[in-house]
$ cat work-v6.cif   # mmCIF, C-alpha atoms and all ligand atoms
data_input
#
loop_
_atom_site.label_atom_id
_atom_site.label_comp_id
_atom_site.auth_asym_id
_atom_site.auth_seq_id
_atom_site.Cartn_x
_atom_site.Cartn_y
_atom_site.Cartn_z
CA MET A 1 36.88 -6.43 -4.07
CA ASN A 2 36.49 -2.70 -3.84
CA ALA A 3 38.48 -1.73 -6.94
CA GLU A 4 37.94 1.99 -6.58
CA ARG A 5 39.15 1.99 -2.97
CA LEU A 6 42.16 -0.10 -4.02
CA LEU A 7 42.97 2.46 -6.72
CA GLN A 8 42.69 5.37 -4.27
CA ARG A 9 45.02 3.58 -1.84
CA PHE A 10 47.56 3.00 -4.55
CA LEU A 11 47.43 6.64 -5.67
CA ARG A 12 47.86 7.78 -2.06
CA TYR A 13 50.94 5.62 -1.55
CA VAL A 14 52.74 6.51 -4.78
CA CYS A 15 52.55 10.23 -3.95
CA ILE A 16 54.85 9.74 -0.92
CA ASP A 17 58.51 9.77 -1.98
CA THR A 18 60.08 6.63 -0.55
CA THR A 19 63.16 6.41 -2.79
CA ALA A 20 65.79 4.23 -1.11
CA ARG A 21 69.20 5.94 -0.72
CA ASP A 22 72.18 3.75 -1.46
CA ASP A 23 74.59 6.11 0.28
CA ALA A 24 72.58 6.60 3.49
CA GLU A 25 73.89 5.22 6.75
CA GLY A 26 70.61 5.09 8.66
CA TYR A 27 67.75 2.62 8.50
CA PRO A 28 65.47 3.12 6.75
CA SER A 29 67.56 5.04 4.24
CA SER A 30 64.96 7.77 3.58
CA PRO A 31 62.37 9.58 5.77
CA GLY A 32 59.54 9.04 3.28
CA GLN A 33 59.51 5.35 4.17
CA LEU A 34 58.73 6.27 7.79
CA GLU A 35 56.00 8.65 6.63
CA LEU A 36 54.35 6.03 4.43
CA GLY A 37 54.68 3.46 7.23
CA ARG A 38 52.89 5.81 9.66
CA LEU A 39 50.05 6.25 7.17
CA LEU A 40 49.72 2.47 6.76
CA VAL A 41 49.59 1.93 10.53
CA GLU A 42 46.82 4.53 10.79
CA GLU A 43 44.89 2.85 7.99
CA LEU A 44 45.32 -0.61 9.53
CA ARG A 45 44.09 0.65 12.91
CA ALA A 46 41.11 2.28 11.22
CA MET A 47 40.27 -1.17 9.79
CA GLY A 48 40.16 -2.49 13.35
CA ILE A 49 43.60 -4.15 13.31
CA ARG A 50 44.66 -3.14 16.78
CA ASP A 51 48.18 -4.58 16.91
CA ALA A 52 49.37 -2.58 13.88
CA ARG A 53 52.65 -0.84 14.67
CA GLN A 54 55.83 0.51 13.15
CA ASP A 55 58.92 -0.98 14.76
CA ASP A 56 62.22 0.77 15.53
CA TYR A 57 63.40 0.15 11.95
CA GLY A 58 60.29 1.53 10.28
CA ILE A 59 58.91 -1.91 9.41
CA VAL A 60 55.12 -2.08 9.69
CA LEU A 61 53.88 -5.20 11.48
CA ALA A 62 50.25 -6.21 11.99
CA THR A 63 48.01 -9.26 12.23
CA VAL A 64 44.68 -9.76 10.54
CA PRO A 65 43.11 -11.90 13.28
CA ALA A 66 41.86 -15.39 12.47
CA ALA A 67 38.18 -15.71 11.56
CA GLY A 68 36.23 -18.93 11.99
CA ALA A 69 39.33 -21.13 11.69
CA GLU A 70 42.20 -22.35 13.82
CA GLY A 71 44.63 -22.75 10.91
CA PRO A 72 48.32 -21.81 11.09
CA ALA A 73 49.42 -18.23 10.47
CA ILE A 74 50.64 -17.20 7.04
CA ALA A 75 52.47 -13.95 6.33
CA LEU A 76 52.29 -11.34 3.54
CA CYS A 77 55.19 -9.09 2.74
CA ALA A 78 55.74 -6.05 0.49
CA HIS A 79 58.27 -3.22 0.53
CA LEU A 80 57.75 0.50 1.17
CA ASP A 81 60.78 1.84 -0.70
CA THR A 82 61.26 2.45 -4.42
CA SER A 83 64.33 2.02 -6.61
CA PRO A 84 67.09 4.64 -6.40
CA GLU A 85 67.70 4.17 -10.15
CA THR A 86 64.88 6.57 -11.12
CA SER A 87 63.48 9.52 -9.17
CA GLY A 88 60.41 8.83 -7.05
CA ALA A 89 59.99 12.44 -5.85
CA GLY A 90 56.85 14.33 -6.86
CA VAL A 91 55.10 11.42 -8.56
CA ARG A 92 52.02 12.62 -10.50
CA PRO A 93 50.11 9.45 -11.31
CA GLN A 94 47.92 9.36 -14.44
CA VAL A 95 44.88 7.11 -14.49
CA VAL A 96 43.84 5.82 -17.92
CA ARG A 97 40.35 4.34 -17.63
CA GLY A 98 39.14 2.07 -20.41
CA TYR A 99 42.54 1.77 -22.13
CA ARG A 100 41.92 1.78 -25.87
CA GLY A 101 45.04 -0.10 -26.92
CA GLY A 102 48.12 1.34 -28.61
CA ASP A 103 50.88 3.55 -27.22
CA LEU A 104 50.56 5.65 -24.07
CA VAL A 105 52.14 9.12 -24.31
CA LEU A 106 53.11 10.40 -20.87
CA PRO A 107 51.79 13.94 -20.35
CA GLY A 108 54.69 15.43 -18.32
CA ASP A 109 57.22 14.59 -21.06
CA PRO A 110 55.61 13.64 -24.39
CA SER A 111 58.94 12.19 -25.56
CA ARG A 112 58.28 9.39 -23.07
CA VAL A 113 55.98 6.83 -24.65
CA ILE A 114 54.96 3.42 -23.32
CA ARG A 115 55.00 1.53 -26.62
CA ALA A 116 52.60 -1.32 -27.16
CA ALA A 117 55.25 -2.99 -29.35
CA GLU A 118 57.68 -3.06 -26.41
CA CYS A 119 55.07 -4.20 -23.85
CA PRO A 120 53.31 -7.17 -25.45
CA GLU A 121 51.27 -7.69 -22.26
CA LEU A 122 49.37 -4.45 -23.06
CA ALA A 123 47.62 -6.17 -25.96
CA ALA A 124 45.44 -8.20 -23.59
CA LEU A 125 44.48 -5.19 -21.46
CA ALA A 126 42.16 -3.16 -23.69
CA GLY A 127 39.31 -1.71 -21.66
CA ARG A 128 41.25 -1.94 -18.39
CA THR A 129 42.34 0.82 -16.03
CA LEU A 130 46.06 1.55 -16.30
CA ILE A 131 48.13 3.84 -14.11
CA THR A 132 51.36 5.53 -15.21
CA SER A 133 53.55 8.37 -13.94
CA ASP A 134 53.62 11.62 -15.93
CA GLY A 135 56.91 10.49 -17.48
CA THR A 136 59.23 12.57 -15.27
CA THR A 137 59.47 10.06 -12.39
CA LEU A 138 58.95 6.39 -11.83
CA LEU A 139 55.46 5.35 -10.75
CA GLY A 140 56.48 3.28 -7.75
CA ALA A 141 54.16 0.36 -8.45
CA ASP A 142 57.22 -1.64 -7.40
CA ASP A 143 56.19 -2.15 -4.75
CA LYS A 144 53.28 0.11 -3.90
CA ALA A 145 51.05 -2.15 -5.99
CA GLY A 146 52.04 -4.91 -3.54
CA LEU A 147 51.34 -2.65 -0.55
CA ALA A 148 47.94 -1.59 -1.91
CA VAL A 149 47.01 -5.21 -2.65
CA ILE A 150 47.89 -6.32 0.89
CA MET A 151 46.12 -3.35 2.51
CA GLU A 152 42.94 -3.79 0.46
CA THR A 153 42.92 -7.53 1.16
CA ALA A 154 43.27 -6.84 4.89
CA ALA A 155 40.40 -4.33 4.74
CA TRP A 156 38.24 -6.80 2.80
CA LEU A 157 38.85 -9.61 5.27
CA MET A 158 38.09 -7.34 8.24
CA GLU A 159 34.79 -6.39 6.58
CA HIS A 160 33.88 -10.00 5.72
CA PRO A 161 34.22 -12.02 8.93
CA GLY A 162 32.34 -14.89 7.25
CA ILE A 163 35.47 -15.77 5.24
CA CYS A 164 37.31 -18.46 7.21
CA HIS A 165 41.05 -18.02 7.61
CA GLY A 166 43.84 -18.33 10.15
CA PRO A 167 45.88 -15.37 11.40
CA ILE A 168 47.54 -13.36 8.62
CA ARG A 169 50.71 -11.51 9.58
CA LEU A 170 51.65 -8.46 7.60
CA ALA A 171 55.27 -7.33 7.29
CA LEU A 172 55.80 -4.18 5.22
CA THR A 173 59.53 -3.72 4.95
CA CYS A 174 62.02 -0.96 4.09
CA ASP A 175 65.03 -0.69 1.77
CA GLU A 176 64.43 -3.83 -0.26
CA GLU A 177 65.76 -2.10 -3.38
CA ILE A 178 69.19 -1.63 -1.81
CA GLY A 179 69.36 -5.20 -0.55
CA ARG A 180 68.48 -4.47 3.08
CA GLY A 181 64.84 -5.52 3.00
CA VAL A 182 65.02 -8.23 5.62
CA ASP A 183 68.12 -7.06 7.52
CA HIS A 184 65.89 -6.24 10.47
CA LEU A 185 63.07 -8.71 9.96
CA ASP A 186 63.42 -11.86 12.02
CA PRO A 187 61.25 -14.51 10.35
CA GLU A 188 60.78 -16.13 13.77
CA GLN A 189 58.82 -13.13 14.99
CA LEU A 190 56.21 -13.68 12.25
CA GLN A 191 55.42 -17.14 13.62
CA ALA A 192 54.07 -18.17 10.24
CA VAL A 193 54.31 -21.45 8.31
CA ALA A 194 54.70 -19.69 4.97
CA CYS A 195 55.03 -16.17 3.65
CA TYR A 196 54.20 -14.58 0.30
CA THR A 197 56.00 -11.53 -1.03
CA LEU A 198 53.71 -9.39 -3.20
CA ASP A 199 56.31 -7.97 -5.54
CA GLY A 200 55.88 -9.68 -8.90
CA SER A 201 54.84 -8.37 -12.32
CA GLY A 202 51.61 -8.95 -14.21
CA ALA A 203 48.92 -11.37 -13.09
CA ASP A 204 48.69 -14.96 -11.92
CA THR A 205 52.40 -15.68 -11.76
CA ILE A 206 54.26 -17.21 -8.86
CA ASP A 207 58.04 -16.95 -8.69
CA VAL A 208 59.35 -20.22 -7.32
CA GLU A 209 63.03 -19.92 -8.14
CA THR A 210 65.67 -17.23 -7.85
CA PHE A 211 69.35 -17.17 -8.52
CA SER A 212 71.82 -18.40 -5.96
CA ALA A 213 74.22 -15.55 -5.48
CA ASP A 214 77.74 -14.87 -4.25
CA LEU A 215 79.74 -11.64 -4.32
CA ALA A 216 83.45 -11.82 -5.08
CA VAL A 217 85.77 -8.99 -4.11
CA VAL A 218 89.01 -9.23 -6.06
CA THR A 219 91.86 -7.13 -4.65
CA LEU A 220 94.93 -6.60 -6.82
CA ARG A 221 97.93 -5.08 -5.04
CA GLY A 222 100.73 -3.45 -6.98
CA VAL A 223 103.73 -1.36 -5.98
CA ASN A 224 103.47 2.40 -6.43
CA ILE A 225 106.46 4.61 -6.96
CA HIS A 226 107.03 7.92 -8.76
CA PRO A 227 106.97 7.25 -12.53
CA SER A 228 110.33 9.06 -12.90
CA VAL A 229 112.14 6.27 -11.03
CA ALA A 230 109.70 3.43 -11.74
CA LYS A 231 111.82 1.33 -14.09
CA GLY A 232 111.98 -2.23 -12.85
CA ARG A 233 110.22 -1.29 -9.61
CA MET A 234 106.64 -0.20 -10.28
CA VAL A 235 103.93 -2.86 -10.38
CA ASN A 236 100.79 -1.20 -11.76
CA ALA A 237 97.63 -2.70 -10.26
CA VAL A 238 95.53 -0.92 -12.94
CA ARG A 239 97.30 -2.91 -15.67
CA ALA A 240 97.06 -6.10 -13.65
CA ALA A 241 93.30 -5.46 -13.26
CA ALA A 242 92.95 -5.05 -17.02
CA ALA A 243 94.81 -8.32 -17.58
CA PHE A 244 92.62 -10.04 -15.01
CA LEU A 245 89.37 -8.81 -16.58
CA ARG A 246 90.56 -9.82 -20.05
CA ARG A 247 90.85 -13.39 -18.79
CA LEU A 248 87.21 -13.56 -17.65
CA PRO A 249 84.69 -14.97 -20.12
CA HIS A 250 82.68 -12.20 -21.78
CA THR A 251 81.17 -13.81 -24.87
CA THR A 252 79.57 -16.38 -22.54
CA LEU A 253 78.70 -16.39 -18.84
CA SER A 254 77.98 -12.63 -18.77
CA PRO A 255 74.63 -10.89 -18.17
CA GLU A 256 74.90 -9.45 -21.69
CA THR A 257 75.04 -12.91 -23.28
CA THR A 258 72.80 -15.09 -21.09
CA GLU A 259 69.09 -15.56 -20.38
CA GLY A 260 66.65 -18.08 -18.92
CA ARG A 261 68.42 -20.49 -16.61
CA GLU A 262 71.98 -19.55 -17.59
CA GLY A 263 74.24 -18.12 -14.91
CA PHE A 264 76.95 -15.50 -15.16
CA LEU A 265 79.96 -13.66 -13.76
CA HIS A 266 79.43 -9.91 -13.68
CA PRO A 267 82.25 -7.50 -12.81
CA TYR A 268 80.17 -4.42 -11.98
CA GLU A 269 82.37 -2.08 -10.00
CA MET A 270 86.06 -1.22 -10.02
CA ARG A 271 87.96 1.32 -8.00
CA GLY A 272 91.56 2.04 -7.18
CA GLY A 273 94.90 3.13 -8.63
CA VAL A 274 98.46 1.98 -9.21
CA ALA A 275 98.91 0.67 -5.66
CA GLU A 276 95.66 -1.25 -5.39
CA VAL A 277 92.54 -1.99 -7.40
CA GLN A 278 89.39 -3.59 -6.08
CA ILE A 279 86.90 -5.23 -8.46
CA LYS A 280 83.48 -6.44 -7.34
CA VAL A 281 82.05 -9.37 -9.25
CA LEU A 282 78.56 -10.86 -8.99
CA LEU A 283 78.38 -14.66 -9.27
CA ARG A 284 74.96 -16.00 -10.27
CA GLN A 285 73.69 -19.55 -10.93
CA PHE A 286 70.36 -21.31 -10.40
CA ASP A 287 72.25 -24.40 -9.31
CA THR A 288 74.01 -23.41 -6.07
CA ALA A 289 76.81 -25.92 -6.57
CA GLY A 290 77.57 -24.18 -9.88
CA LEU A 291 78.72 -21.09 -7.97
CA ASP A 292 81.90 -22.96 -7.08
CA GLY A 293 82.69 -23.30 -10.78
CA LEU A 294 82.35 -19.53 -11.24
CA ALA A 295 84.60 -18.85 -8.24
CA GLU A 296 87.10 -21.28 -9.74
CA LEU A 297 87.13 -19.25 -12.99
CA LEU A 298 88.01 -16.16 -10.98
CA ARG A 299 90.81 -17.95 -9.12
CA ARG A 300 92.22 -19.31 -12.36
CA ALA A 301 92.14 -15.84 -13.95
CA ALA A 302 93.95 -14.53 -10.85
CA ALA A 303 96.63 -17.23 -11.06
CA ASP A 304 97.15 -16.60 -14.79
CA THR A 305 97.41 -12.86 -14.19
CA LEU A 306 100.12 -13.49 -11.59
CA THR A 307 102.28 -15.25 -14.17
CA GLU A 308 102.24 -11.98 -16.10
CA PHE A 309 102.62 -9.77 -12.99
CA PRO A 310 104.64 -11.93 -10.60
CA ALA A 311 105.34 -9.06 -8.20
CA ALA A 312 101.64 -8.26 -7.78
CA ALA A 313 99.38 -9.86 -5.18
CA ILE A 314 95.82 -10.90 -6.00
CA HIS A 315 93.26 -11.91 -3.43
CA VAL A 316 89.83 -13.36 -4.34
CA ASP A 317 87.32 -13.20 -1.50
CA VAL A 318 83.94 -14.87 -2.18
CA ARG A 319 80.96 -14.15 0.13
CA PRO A 320 77.52 -15.74 -0.06
CA GLN A 321 74.60 -13.36 -0.76
CA TYR A 322 71.41 -15.42 -1.16
CA ARG A 323 70.33 -18.87 -2.33
CA ASN A 324 67.83 -20.17 -4.86
CA MET A 325 64.51 -20.23 -3.01
CA ALA A 326 63.56 -23.50 -4.74
CA GLU A 327 65.79 -25.30 -2.22
CA GLY A 328 63.84 -23.95 0.79
CA LEU A 329 60.44 -24.23 -0.92
CA ALA A 330 61.06 -27.93 -1.43
CA ARG A 331 61.07 -28.30 2.37
CA GLU A 332 57.56 -26.78 2.66
CA PRO A 333 55.84 -27.63 -0.63
CA ARG A 334 52.47 -26.39 0.64
CA ALA A 335 53.52 -22.75 0.17
CA VAL A 336 53.44 -23.05 -3.62
CA ALA A 337 50.89 -25.88 -3.86
CA TYR A 338 48.23 -24.00 -1.86
CA ALA A 339 48.82 -20.83 -3.86
CA GLN A 340 48.22 -22.78 -7.07
CA GLN A 341 45.18 -24.50 -5.61
CA ALA A 342 43.81 -21.12 -4.48
CA LEU A 343 43.99 -19.75 -7.98
CA GLN A 344 42.36 -22.84 -9.48
CA ARG A 345 39.36 -22.20 -7.24
CA LEU A 346 39.02 -18.84 -8.90
CA GLY A 347 38.98 -20.56 -12.28
CA ARG A 348 42.48 -19.31 -13.13
CA SER A 349 45.84 -21.00 -13.26
CA ALA A 350 49.22 -19.89 -11.99
CA ARG A 351 52.29 -19.61 -14.16
CA ARG A 352 55.41 -20.70 -12.25
CA THR A 353 58.27 -18.41 -13.09
CA VAL A 354 61.97 -18.09 -12.42
CA VAL A 355 63.58 -14.78 -11.36
CA ARG A 356 67.03 -13.87 -12.67
CA GLY A 357 67.73 -12.09 -9.42
CA GLY A 358 66.86 -12.34 -5.75
CA THR A 359 63.85 -11.28 -3.72
CA ASP A 360 63.32 -10.66 -0.02
CA GLY A 361 61.72 -14.08 -0.24
CA SER A 362 65.02 -15.72 -1.20
CA ARG A 363 66.51 -14.60 2.09
CA LEU A 364 63.43 -15.36 4.17
CA THR A 365 63.28 -18.80 2.58
CA ALA A 366 66.96 -19.40 3.34
CA LEU A 367 66.24 -18.37 6.95
CA GLY A 368 63.57 -21.07 7.17
CA LEU A 369 60.37 -19.24 6.17
CA PRO A 370 59.28 -20.46 2.72
CA THR A 371 58.39 -17.34 0.72
CA PRO A 372 57.42 -17.47 -2.96
CA ASN A 373 56.67 -14.22 -4.79
CA LEU A 374 53.25 -13.37 -6.28
CA SER A 375 52.22 -11.02 -9.11
CA THR A 376 50.69 -7.63 -8.26
CA GLY A 377 49.85 -5.91 -11.56
CA GLN A 378 53.11 -3.92 -11.73
CA HIS A 379 55.01 -3.63 -15.03
CA THR A 380 58.38 -2.25 -16.26
CA PRO A 381 59.73 -1.52 -12.76
CA HIS A 382 62.50 0.99 -11.99
CA SER A 383 61.66 2.96 -15.12
CA LEU A 384 60.06 6.27 -16.14
CA LEU A 385 57.84 4.04 -18.30
CA GLU A 386 56.59 2.01 -15.34
CA TRP A 387 52.85 1.25 -15.28
CA ALA A 388 50.30 -0.79 -13.37
CA CYS A 389 46.94 -2.38 -14.15
CA LEU A 390 44.13 -1.98 -11.61
CA GLU A 391 42.27 -5.14 -12.67
CA GLU A 392 45.45 -7.19 -12.19
CA MET A 393 45.82 -5.69 -8.70
CA VAL A 394 42.25 -6.79 -7.97
CA MET A 395 43.16 -10.28 -9.22
CA ALA A 396 46.04 -10.34 -6.71
CA CYS A 397 43.66 -9.42 -3.84
CA GLN A 398 41.26 -12.22 -4.84
CA TRP A 399 44.17 -14.63 -4.97
CA LEU A 400 45.28 -13.68 -1.44
CA VAL A 401 41.80 -14.17 0.00
CA SER A 402 41.62 -17.57 -1.68
CA ILE A 403 45.11 -18.53 -0.39
CA ALA A 404 44.04 -17.69 3.17
CA GLU A 405 40.94 -19.86 2.76
CA VAL A 406 42.88 -22.80 1.33
CA TRP A 407 45.40 -22.74 4.20
CA ALA A 408 42.57 -22.74 6.75
CA GLU A 409 40.57 -25.51 5.09
CA GLU A 410 43.50 -27.78 4.31
CA SER A 411 44.82 -27.47 7.86
CA GLU A 412 41.38 -28.18 9.31
CA SER A 413 40.83 -31.25 7.14
CA LYS A 414 44.18 -32.68 8.30
CA ASP A 415 43.35 -32.31 12.03
ZN ZN A 501 60.14 -4.76 -5.63
#
$ encode --input "work-v6.cif" --output "structure tokens"
Amino acid sequence: MNAERLLQRFLRYVCIDTTARDDAEGYPSSPGQLELGRLLVEELRAMGIRDARQDDYGIVLATVPAAGAEGPAIALCAHLDTSPETSGAGVRPQVVRGYRGGDLVLPGDPSRVIRAAECPELAALAGRTLITSDGTTLLGADDKAGLAVIMETAAWLMEHPGICHGPIRLALTCDEEIGRGVDHLDPEQLQAVACYTLDGSGADTIDVETFSADLAVVTLRGVNIHPSVAKGRMVNAVRAAAAFLRRLPHTTLSPETTEGREGFLHPYEMRGGVAEVQIKVLLRQFDTAGLDGLAELLRRAAADTLTEFPAAAIHVDVRPQYRNMAEGLAREPRAVAYAQQALQRLGRSARRTVVRGGTDGSRLTALGLPTPNLSTGQHTPHSLLEWACLEEMVMACQWLVSIAEVWAEESESKD
């Protein structure tokens, strides 16, 4: 791999502000995503990928043509936007070559320190090239590390036609961070047997499970009337909401008290007044059937609250969000098996991990395109203390090339 070219790509991409905007109506939610997409299309065309284009939604689509093999198409996916939680405007990336170990003080704000004690993975990276922001913005390695890895892999394959692989579809999406990453991506149009999102942390990990997720909207209706004449007539939805929340478990089954494979109920937003209060609650479980149990807890809390506020009305509306990708991956086991096999060929082994969240891959998988998530060398996403490791990005590129080869060879040997 051309590590220096990969680094320069990454640095080019992080300097374009692609912060997703939660409150924006349009798609994509910010103009920087279109600007970065245009740059990527230009770069893909310059590699000789003639079908590269940006669609009406700003999504970049392209195909690395097959070389020396008839195998089925696989797809690679990464997202152009960065998290709205931390500013991504005016990123000034810092490149630390030959990291000496210890803490990294960020030059734009020396009070910001990436502490070795808080990032145990740094211990193994002495001598490597690390990239950080200057401490005043995020870096944007989530997911520009994924973009750079896909782009460098595409360039490498175009330059090495001797490597046998089937067609590789690229889908570089917008607004993943605000949950709209695949709103306008029809998995059918990729015509691929499997897809890999490049959006994971560290090196040599493959995310094979995500939460299954529902969103509950709880609406509590009271009766509003001027407080001066409220006796016996007012029903205060704010008080009913407090009573309702008190009845939800909080020393168990909450994000604050769970980890690993434990699920939770998470009331995360509340708005309203005396007449009506609306509470949004996230329901999360690895076992999809377990979501019903969480919804039942909400309904029971609602019923109990009504005994205390009989004149109030409480409505619990539960909507599905995404499903544990393990269910869809089980239907196409080659997606994970070939990725593991590909890494073994490189003399490395993949760690299978579980995400306490969802990925674009969870939705693509649910829509019928099995899509595990691979590591890209990004670390501490959504933070001013975000960083990336160039050598781990190189490892991701090598992994992708090997995956493409395994798909081609395995398909050929089965013909
Ligand atoms: Zn991401």
$ residues_near_ligand --input "work-v6.cif" --ligand "ligand ZN 501 (chain A)" --cutoff "12 Å" --atoms "only C-alpha atoms and all ligand atoms" --output "MDAnalysis selection string"
chainID A and resid 19:20 77:84 140:147 172:179 181 197:201 357:361 373:382
$ residues_around --input "work-v6.cif" --residues "Trp156 (chain A)" --least-positions-apart "5" --cutoff "12 Å" --atoms "only C-alpha atoms" --output "PDB file with C-alpha atoms, keeping the file's coordinate frame"
ATOM      1  CA  MET A   1      36.880  -6.430  -4.070  1.00  0.00           C
ATOM      2  CA  ASN A   2      36.490  -2.700  -3.840  1.00  0.00           C
ATOM      3  CA  ALA A   3      38.480  -1.730  -6.940  1.00  0.00           C
ATOM      4  CA  ARG A   5      39.150   1.990  -2.970  1.00  0.00           C
ATOM      5  CA  LEU A   6      42.160  -0.100  -4.020  1.00  0.00           C
ATOM      6  CA  LEU A  44      45.320  -0.610   9.530  1.00  0.00           C
ATOM      7  CA  MET A  47      40.270  -1.170   9.790  1.00  0.00           C
ATOM      8  CA  GLY A  48      40.160  -2.490  13.350  1.00  0.00           C
ATOM      9  CA  VAL A  64      44.680  -9.760  10.540  1.00  0.00           C
ATOM     10  CA  ALA A 148      47.940  -1.590  -1.910  1.00  0.00           C
ATOM     11  CA  VAL A 149      47.010  -5.210  -2.650  1.00  0.00           C
ATOM     12  CA  ILE A 150      47.890  -6.320   0.890  1.00  0.00           C
ATOM     13  CA  MET A 151      46.120  -3.350   2.510  1.00  0.00           C
ATOM     14  CA  PRO A 161      34.220 -12.020   8.930  1.00  0.00           C
ATOM     15  CA  GLY A 162      32.340 -14.890   7.250  1.00  0.00           C
ATOM     16  CA  ILE A 163      35.470 -15.770   5.240  1.00  0.00           C
ATOM     17  CA  VAL A 394      42.250  -6.790  -7.970  1.00  0.00           C
ATOM     18  CA  CYS A 397      43.660  -9.420  -3.840  1.00  0.00           C
ATOM     19  CA  GLN A 398      41.260 -12.220  -4.840  1.00  0.00           C
ATOM     20  CA  LEU A 400      45.280 -13.680  -1.440  1.00  0.00           C
ATOM     21  CA  VAL A 401      41.800 -14.170   0.000  1.00  0.00           C
TER      22      VAL A 401
END
$ atom_distance --input "work-v6.cif" --atom1 "CA of His226 (chain A)" --atom2 "CA of Ala275 (chain A)"
11.3 Å
$ atom_distance --input "work-v6.cif" --atom1 "CA of Glu392 (chain A)" --atom2 "CA of Leu343 (chain A)"
13.3 Å
$ residues_around --input "work-v6.cif" --residues "Gly272 (chain A)" --least-positions-apart "6" --cutoff "12 Å" --atoms "only C-alpha atoms" --output "PDB file with C-alpha atoms, in the frame of the given file"
ATOM      1  CA  VAL A 218      89.010  -9.230  -6.060  1.00  0.00           C
ATOM      2  CA  THR A 219      91.860  -7.130  -4.650  1.00  0.00           C
ATOM      3  CA  LEU A 220      94.930  -6.600  -6.820  1.00  0.00           C
ATOM      4  CA  ARG A 221      97.930  -5.080  -5.040  1.00  0.00           C
ATOM      5  CA  GLY A 222     100.730  -3.450  -6.980  1.00  0.00           C
ATOM      6  CA  ASN A 224     103.470   2.400  -6.430  1.00  0.00           C
ATOM      7  CA  ASN A 236     100.790  -1.200 -11.760  1.00  0.00           C
ATOM      8  CA  ALA A 237      97.630  -2.700 -10.260  1.00  0.00           C
ATOM      9  CA  VAL A 238      95.530  -0.920 -12.940  1.00  0.00           C
ATOM     10  CA  ARG A 239      97.300  -2.910 -15.670  1.00  0.00           C
ATOM     11  CA  ALA A 240      97.060  -6.100 -13.650  1.00  0.00           C
ATOM     12  CA  ALA A 241      93.300  -5.460 -13.260  1.00  0.00           C
ATOM     13  CA  GLN A 278      89.390  -3.590  -6.080  1.00  0.00           C
ATOM     14  CA  ILE A 279      86.900  -5.230  -8.460  1.00  0.00           C
ATOM     15  CA  LYS A 280      83.480  -6.440  -7.340  1.00  0.00           C
TER      16      LYS A 280
END
$ residues_near_point --input "work-v6.cif" --point "(38.0, -4.7, 10.9)" --cutoff "8 Å" --atoms "all atoms listed in the file" --output "list in words"
Ala46, Met47, Gly48, Ile49, Ala155, Leu157, Met158 and Glu159 of chain A
$ residues_around --input "work-v6.cif" --residues "region 65-71 of chain A" --least-positions-apart "4" --cutoff "12 Å" --atoms "only C-alpha atoms" --output "JSON, numbers by chain"
{"A": [47, 48, 49, 50, 51, 52, 75, 154, 155, 157, 158, 159, 160, 161, 162, 163, 164, 165, 166, 167, 168, 169, 170, 192, 193, 404, 405, 406, 407, 408, 409, 410, 411, 412, 413, 414, 415]}
$ write_last_selection --input "work-v6.cif" --atoms "C-alpha atoms" --output "mmCIF file, in the coordinates of the input"
data_model
loop_
_atom_site.group_PDB
_atom_site.id
_atom_site.type_symbol
_atom_site.label_atom_id
_atom_site.label_comp_id
_atom_site.auth_asym_id
_atom_site.auth_seq_id
_atom_site.Cartn_x
_atom_site.Cartn_y
_atom_site.Cartn_z
ATOM 1 C CA MET A 47 40.270 -1.170 9.790
ATOM 2 C CA GLY A 48 40.160 -2.490 13.350
ATOM 3 C CA ILE A 49 43.600 -4.150 13.310
ATOM 4 C CA ARG A 50 44.660 -3.140 16.780
ATOM 5 C CA ASP A 51 48.180 -4.580 16.910
ATOM 6 C CA ALA A 52 49.370 -2.580 13.880
ATOM 7 C CA ALA A 75 52.470 -13.950 6.330
ATOM 8 C CA ALA A 154 43.270 -6.840 4.890
ATOM 9 C CA ALA A 155 40.400 -4.330 4.740
ATOM 10 C CA LEU A 157 38.850 -9.610 5.270
ATOM 11 C CA MET A 158 38.090 -7.340 8.240
ATOM 12 C CA GLU A 159 34.790 -6.390 6.580
ATOM 13 C CA HIS A 160 33.880 -10.000 5.720
ATOM 14 C CA PRO A 161 34.220 -12.020 8.930
ATOM 15 C CA GLY A 162 32.340 -14.890 7.250
ATOM 16 C CA ILE A 163 35.470 -15.770 5.240
ATOM 17 C CA CYS A 164 37.310 -18.460 7.210
ATOM 18 C CA HIS A 165 41.050 -18.020 7.610
ATOM 19 C CA GLY A 166 43.840 -18.330 10.150
ATOM 20 C CA PRO A 167 45.880 -15.370 11.400
ATOM 21 C CA ILE A 168 47.540 -13.360 8.620
ATOM 22 C CA ARG A 169 50.710 -11.510 9.580
ATOM 23 C CA LEU A 170 51.650 -8.460 7.600
ATOM 24 C CA ALA A 192 54.070 -18.170 10.240
ATOM 25 C CA VAL A 193 54.310 -21.450 8.310
ATOM 26 C CA ALA A 404 44.040 -17.690 3.170
ATOM 27 C CA GLU A 405 40.940 -19.860 2.760
ATOM 28 C CA VAL A 406 42.880 -22.800 1.330
ATOM 29 C CA TRP A 407 45.400 -22.740 4.200
ATOM 30 C CA ALA A 408 42.570 -22.740 6.750
ATOM 31 C CA GLU A 409 40.570 -25.510 5.090
ATOM 32 C CA GLU A 410 43.500 -27.780 4.310
ATOM 33 C CA SER A 411 44.820 -27.470 7.860
ATOM 34 C CA GLU A 412 41.380 -28.180 9.310
ATOM 35 C CA SER A 413 40.830 -31.250 7.140
ATOM 36 C CA LYS A 414 44.180 -32.680 8.300
ATOM 37 C CA ASP A 415 43.350 -32.310 12.030
#
$ residues_around --input "work-v6.cif" --residues "Ser133 (chain A)" --least-positions-apart "5" --cutoff "9 Å" --atoms "only C-alpha atoms" --output "PyMOL selection string"
chain A and resi 91-95+106-108+138-140+384-387
